[in-house]
Amino acid sequence: MARRLRAPVPPVVQPHQTQSRTYQALAWAQARRAPDSRRWAGRGSGRARAHRPASSLRPAFRAATPASPGAARSCGSPARPVPAAAIMQSQSQSLTPHVHWAQRHSELYLRVELSDVQSPEITITDNVLHFKAQGHGAKGDNVYEFQLAFLESVMPQLVYKVTQRQLNITVQKKESNWWERLTKQERRPLFLAPDFDRWQDESDAEMELKAKEEEERINKIRIESRVPKDPFRQLKRGYLFMYNLVQFLGFSWIFVNMTVRLFILGKDSFYDTFHTIADMMYFCQTLAFIEILNSLVGIVRSPLIPSLLQVLGRNFVLFIVLGNVEEMQSKAVVFFVFYCWSIIELFRYPFYMLSCIDIEWKLLTWIRYTIWIPLYPLGGLAEAVSLIQAIPIFSETGKFSFTLPYPMSVTIKFSFFLQIYLILLFLGLFINLRHLYKQRRQHLGSKKRKMK
Ligand SMILES: CCCCCCCCCCCCC[C@@H](O)CC(=O)SCCNC(=O)CCNC(=O)[C@H](O)C(C)(C)COP(=O)(O)OP(=O)(O)OC[C@H]1O[C@@H](n2cnc3c(N)ncnc32)[C@H](O)[C@@H]1OP(=O)(O)O
């Protein structure tokens with residue numbers, strides 16, 4: 001028996017020490033100091049102490065807790081027979097606060113029973129919540145900590161609120177569903193208990209969720225009914241639909257005509273593209289000025305600058321560079337410029353038409369916001385080539401060149417302006433490519449907006 005007293009097996013005390021484990025530690029420590037403790041208490045043998053059930057050690061433990069530091073300090077006195085080793089151990093080990101929990105379909109609520117909490121460190125990594133804080137709990141002012149490995153995945157961000165009496169944590173579940181328990185481990189940790197103030201079973205929570213959704217729906221209807229409806233909405237839609245339809249028909253005619261001629265005449269069709277197509281292109285591109293107007297008055301959501309660059313850029317090439325110089329009109333580059341312009345419009349205008357009647361055809365949306373990726377640089381390049389070809393012609397003929405009045409008397413050559421325009425073209429291309437990239441992300445990404 002003496003051997004047993006001298007070398008009792010030490011209990012393993014985990015960092016998340018539970019009360020009963022603390023008692024075990026205490027029993028172990030007391031057993032080691034059995035002869036002394038006989039003197040402290042003046043009753044019972046060392047053996048009896050070593051085997052005393054944990055519950056019978058409660059008063060001694062209480063004296064050793066930091067909640068009564070005076071008692072802890074006087075642990076060597078016969079009146080309070082708590083061995084110093086046990087106190088050191090119970091103080092050096094972190095303490096676990098009481099935690100209450102409840103859940104809803106999408107959230108978890110944890111109430112940590114600590115008052116006057118200071119410097120809480122609460123994180124979630126790999127679905128494990130780590131809590132550490134200084135506060136006043138069941139074992140007085142101390143550092144308390146715990147960890148909880150959640151049953152299922154949760155969002156790593158959490159929200160917590162410190163009140164004078166407790167600390168409330170809200171954790172979002174990754175998937176909205178009902179958990180059969182909070183923790184991965186099947187046995188509930190001793191420090192954890194249901195929060196009966198917030199507790200709901202699955203059907204209650206479902207009812208609450210439905211009621212909330214219904215309330216949100218009613219609120220939405222209320223707000224919508226308060227917002228004055230645009231009285232011209234239908235008119236605007238009708239007008240836009242017609243505009244888009246006309247443009248679609250115009251560009252379809254251009255595209256089909258050019259394609260058929262390409263199949264019949266082959267490369268020869270390149271050289272008289274302008275003569276066969278120009279009238280329809282003039283019509284469509286003149287009509288396109290409406291797009292600047294639409295953007296200006298806010299009928300459509302298109303920002304002004306990209307629309308302005310687009311329409312003015314094309315019309316400058318069409319009306320000034322090609323339309324005014326006969327030599328330019330028989331160049332093959334005209335075919336490529338017109339072909340690039342018309343292909344995109346075969347998808348853009350039908351896309352707008354469908355959006356006017358609140359229909360979205362996903363494939364068409366995808367094509368509208370993707371086909372510009374090859375077409376825009378190609379179209380820009382074709383325009384740039386036509387400008388480069390036009391520069392010497394304008395230089396030779398002196399068309400649109402003018403001389404400033406005396407005393408400056410400087411001749412401003414239009415070909416010089418074309419060179420500047422060439423730089424502007426690449427700048428404009430860049431601005432519009434960036435705009436189209438943003439539009440693509442908005443329409444093909446997860447975030448979507450509704451038509452005005
Ligand atoms: C004399 C000095 C001149 C100075 C000029 C400087 C140089 C400029 C150079 C510019 C380079 C031009 C090169 C170019 O000509 C080359 C080519 O065109 S090659 C062919 C390929 N081209 C393209 O792919 C461009 C086609 N064009 C466009 O996409 C538009 O014109 C553009 C303005 C670039 C972008 O369009 P937008 O801003 O309107 O974007 P969205 O289509 O997403 O529309 C936004 C929202 O508005 C609604 N919307 C717009 N228009 C309509 C409509 N007509 N009807 C109904 N709804 C419309 C649309 O539905 C969107 O609404 P929501 O966001 O709610 O979906």
# chains A, B, ... in the order shown; residues from 1 in each chain; ligands from 1
call {"tool": "residues_around", "arguments": {"residues": "Leu114 in chain A", "least_positions_apart": "2", "cutoff": "6 Å", "atoms": "only C-alpha atoms", "output": "ChimeraX atom specification"}}
result
/A:112,135-137,166
call {"tool": "write_last_selection", "arguments": {"atoms": "N, CA and C atoms", "output": "PDB file, in the first residue's frame"}}
result
ATOM      1  N   VAL A 112     -21.193  32.038 -24.573  1.00  0.00           N
ATOM      2  CA  VAL A 112     -20.101  31.676 -23.674  1.00  0.00           C
ATOM      3  C   VAL A 112     -20.354  32.373 -22.336  1.00  0.00           C
ATOM      4  N   GLY A 135     -11.679  36.420 -18.628  1.00  0.00           N
ATOM      5  CA  GLY A 135     -13.019  36.795 -18.190  1.00  0.00           C
ATOM      6  C   GLY A 135     -13.333  36.195 -16.839  1.00  0.00           C
ATOM      7  N   HIS A 136     -14.540  36.476 -16.387  1.00  0.00           N
ATOM      8  CA  HIS A 136     -14.958  35.952 -15.096  1.00  0.00           C
ATOM      9  C   HIS A 136     -15.975  34.846 -15.348  1.00  0.00           C
ATOM     10  N   GLY A 137     -15.572  33.635 -15.027  1.00  0.00           N
ATOM     11  CA  GLY A 137     -16.455  32.495 -15.255  1.00  0.00           C
ATOM     12  C   GLY A 137     -16.679  31.733 -13.969  1.00  0.00           C
ATOM     13  N   GLN A 166     -21.995  37.981 -20.788  1.00  0.00           N
ATOM     14  CA  GLN A 166     -21.644  36.819 -21.610  1.00  0.00           C
ATOM     15  C   GLN A 166     -21.049  37.253 -22.954  1.00  0.00           C
TER      16      GLN A 166
END
call {"tool": "residues_near_ligand", "arguments": {"ligand": "ligand 1", "cutoff": "7 Å", "atoms": "only C-alpha atoms and all ligand atoms", "output": "ChimeraX atom specification"}}
result
/A:240-241,243-244,291,300-303,306-307,309-310,312-314,316,340-341,344-345,348-349,352-353,355-356,371-372,375-380,421,424-429,432,435-436,439,449-452
